[in-house]
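**Student:** Once you've had a glance at the structure underneath, I'll fire off some questions.
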Amino acid sequence: MTHSAVECFYKSQSNKKEEPVTKNFLNMDSRDGGSSFINSVSNYLYNNIDILDFYSTFRSNFKSVLLILIYHGVGQNQENWMHPSINEKIFETQINYIKRRYKVISLKSLVSLNQEKKPLPKKAAIITFDDGYKNIYKYAYPILRKYNIPATIFLTTGVIGTGDLLWWDKISYIIWKTDCRSIEFDSGMISLESVKERSEFCFTLTEKLKGYPNNKKFDLIEDIGRSLDVKVPSDIGKKIYLSWSEIIEMNSDGFEMGSHTISHPILTKIALKDADYEIANSKRDIEHKIKANVVSFSYPNGLPGDYNAEIINLLKENGFKCAVTSTLQEPQFEGGLFELARKSATFNLVPFRFAASHMYDDIYKIRKYLWKIDS
Ligand SMILES: [Zn+2]
């Protein structure tokens, strides 16, 4: 799970028509300053998807394009407490788009190309999924098979086959299932009357607890469950996350399995020995089940500050060959493979094409450059 600025932006737009999104697409970006001229140009380009395709291909003549996409769940959720997923039809449209324009490779192939010092294809794409939601098996797997596209699934092993929920799903379950209409929290009274209020409290609480050590976080979630009189069923996770048999089946069908730790802590917020435990044991558990090496890792939360040189060293010591982040920059193939940036793909086709074209990266660089000159 991640909540990068862009992902939240797209999520917040997911129920709206595409047109209004385009109007203020770059004005909403707060990463730097920028001029209204640049905004106008970028909004014009954003609205002209043929130009986006042309731009992407034109750009690849000068430098290989590497696009790494991050998904979480796919398909319609049955209940509103479940983690937001991308609609399966939109997912298929995106995959079809990628298939026709990119050479889709696996993370393992990227590692091999890097080790053998071979160049990337002109336009390469990699599909990844974080956390290990079960709907990947039901909705994404058949679509990816249909288009013969490989993917990497990063598993949070503590919830695979155990029945447990990931901590943010537990929060969500409690808040959406409670009959209570309010809760005392942070010395204030929070209303849970409306859908909007419940949704906002889920988000606030999740953001607040992200950096907590596990014990403190889990105790607080237990307290909230008691306060709101909700008991989370002990086996509910089996309906939400992949089973080992589904994982083994997909792996034998060419899907790569990577590690996303055991309990999804932010690794820089826990003791190094605990980070080592999370990294080493999630890898060991997956390898034990799939009977194959695990070489790819996804940093929980994945933003700058959620990983550092010490964590990268731990990954190397444990035999990992690459790691993906959730940062927005273009992934660099030539350097080390332990900070591979990914683009969130939980949105409709037009913004998806905009992100995939790398035009956003280039406009950002130009704006930053101009801003520095202006200041
Ligand atoms: Zn995650």
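Identifiers in this document derive from the order of the structure tokens: chains are assigned A, B, ..., residues are numbered from 1 separately in each chain, and ligands are numbered from 1 in order of occurrence.
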Collect all residues with atoms no farther than 10 Å from ligand 1, counting only C-alpha atoms and all ligand atoms, and output them as a list of chain:residue names.

**Tutor:**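 The neighbouring residues of ligand 1 are, in order, A:Met1, A:Thr2, A:His3, A:Tyr71, A:His72, A:Phe129, A:Asp130, A:Asp131, A:Gly132, A:Phe154, A:Leu155, A:Thr156, A:Leu166, A:His260, A:Thr261, A:Ser263, A:His264, A:Pro265, A:Ile266, A:Ser298, A:Tyr299, A:Pro300, A:Asn301, A:Gly302, A:Ser326.
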
**Student:** Please write the residues from the selection above to a file, keeping C-alpha atoms, as a PDB file, in the first residue's frame.

**Tutor:**
```
ATOM      1  CA  MET A   1       0.000   0.000   0.000  1.00  0.00           C
ATOM      2  CA  THR A   2       1.170   3.500  -0.733  1.00  0.00           C
ATOM      3  CA  HIS A   3      -0.364   6.915  -0.568  1.00  0.00           C
ATOM      4  CA  TYR A  71      -1.185  -2.051  -9.062  1.00  0.00           C
ATOM      5  CA  HIS A  72      -2.826  -3.290  -5.889  1.00  0.00           C
ATOM      6  CA  PHE A 129       1.220  -5.822  -7.872  1.00  0.00           C
ATOM      7  CA  ASP A 130       1.764  -5.020  -4.185  1.00  0.00           C
ATOM      8  CA  ASP A 131       0.369  -6.654  -1.033  1.00  0.00           C
ATOM      9  CA  GLY A 132      -1.091  -9.911  -2.465  1.00  0.00           C
ATOM     10  CA  PHE A 154       4.896  -8.679  -4.066  1.00  0.00           C
ATOM     11  CA  LEU A 155       3.543 -10.712  -1.167  1.00  0.00           C
ATOM     12  CA  THR A 156       3.077  -9.589   2.412  1.00  0.00           C
ATOM     13  CA  LEU A 166      -3.215  -6.377   6.898  1.00  0.00           C
ATOM     14  CA  HIS A 260       6.899  -7.179   0.525  1.00  0.00           C
ATOM     15  CA  THR A 261       7.898  -8.181   4.109  1.00  0.00           C
ATOM     16  CA  SER A 263       3.720  -7.417   8.280  1.00  0.00           C
ATOM     17  CA  HIS A 264       4.253  -4.351   6.050  1.00  0.00           C
ATOM     18  CA  PRO A 265       6.105  -2.053   8.474  1.00  0.00           C
ATOM     19  CA  ILE A 266       7.958   1.001   7.207  1.00  0.00           C
ATOM     20  CA  SER A 298       9.053  -3.947  -2.792  1.00  0.00           C
ATOM     21  CA  TYR A 299       9.570  -1.434   0.038  1.00  0.00           C
ATOM     22  CA  PRO A 300       6.422  -1.059   2.185  1.00  0.00           C
ATOM     23  CA  ASN A 301       5.007   2.413   1.499  1.00  0.00           C
ATOM     24  CA  GLY A 302       7.988   2.906  -0.825  1.00  0.00           C
ATOM     25  CA  SER A 326       6.646   4.029  -5.062  1.00  0.00           C
TER      26      SER A 326
END
```

**Student:** Among range 130-322 of chain A, which ones does DSSP place in helix (DSSP H, G or I), written as an MDAnalysis selection string?

**Tutor:** chainID A and resid 135:146 157:159 167:177 195:209 214:227 237:240 244:252 267:269 272:290 309:317

**Student:** If you measure from CA of Ile183 in chain A to CA of Cys202 in chain A, what distance in Å do you get, rounded to one decimal?

**Tutor:** 12.2 Å

**Student:** Would you mind listing what lies within 12 Å of range 90-99 of chain A as a PyMOL selection string, with only C-alpha atoms counted and same-chain residues fewer than 2 positions away left out?

**Tutor:** chain A and resi 14+53+56+66-76+85-88+101-105+123-128+136+139-151+345-353+355-357

**Student:** From a DSSP calculation on the backbone, collect every residue of range 173-345 of chain A in strand (DSSP E) and output the set as JSON, numbers by chain.

**Tutor:** {"A": [182, 183, 184, 185, 188, 189, 190, 191, 256, 257, 258, 259, 296, 297, 298, 322, 323, 324, 343, 344]}

**Student:** Any chance you could export the current selection's C-alpha atoms as a PDB file, in the first residue's frame?

**Tutor:**
```
ATOM      1  CA  SER A 182     -18.862   8.363  16.825  1.00  0.00           C
ATOM      2  CA  ILE A 183     -15.538   7.663  18.478  1.00  0.00           C
ATOM      3  CA  GLU A 184     -13.364   9.624  20.867  1.00  0.00           C
ATOM      4  CA  PHE A 185      -9.981   9.953  19.251  1.00  0.00           C
ATOM      5  CA  GLY A 188     -11.745  14.899  20.189  1.00  0.00           C
ATOM      6  CA  MET A 189     -15.035  13.322  19.141  1.00  0.00           C
ATOM      7  CA  ILE A 190     -15.081  11.968  15.562  1.00  0.00           C
ATOM      8  CA  SER A 191     -18.472  11.473  13.927  1.00  0.00           C
ATOM      9  CA  GLU A 256       7.304 -13.849 -10.531  1.00  0.00           C
ATOM     10  CA  MET A 257       6.788 -13.707  -6.755  1.00  0.00           C
ATOM     11  CA  GLY A 258       8.597 -11.008  -4.763  1.00  0.00           C
ATOM     12  CA  SER A 259       8.767 -10.053  -1.107  1.00  0.00           C
ATOM     13  CA  SER A 296      12.741  -8.889  -6.092  1.00  0.00           C
ATOM     14  CA  PHE A 297      11.599  -6.741  -3.186  1.00  0.00           C
ATOM     15  CA  SER A 298       9.053  -3.947  -2.792  1.00  0.00           C
ATOM     16  CA  CYS A 322      16.422  -5.544  -7.196  1.00  0.00           C
ATOM     17  CA  ALA A 323      13.871  -3.472  -5.284  1.00  0.00           C
ATOM     18  CA  VAL A 324      11.017  -1.217  -6.351  1.00  0.00           C
ATOM     19  CA  LYS A 343       4.059   4.705 -11.600  1.00  0.00           C
ATOM     20  CA  SER A 344       0.686   4.171  -9.977  1.00  0.00           C
TER      21      SER A 344
END
```
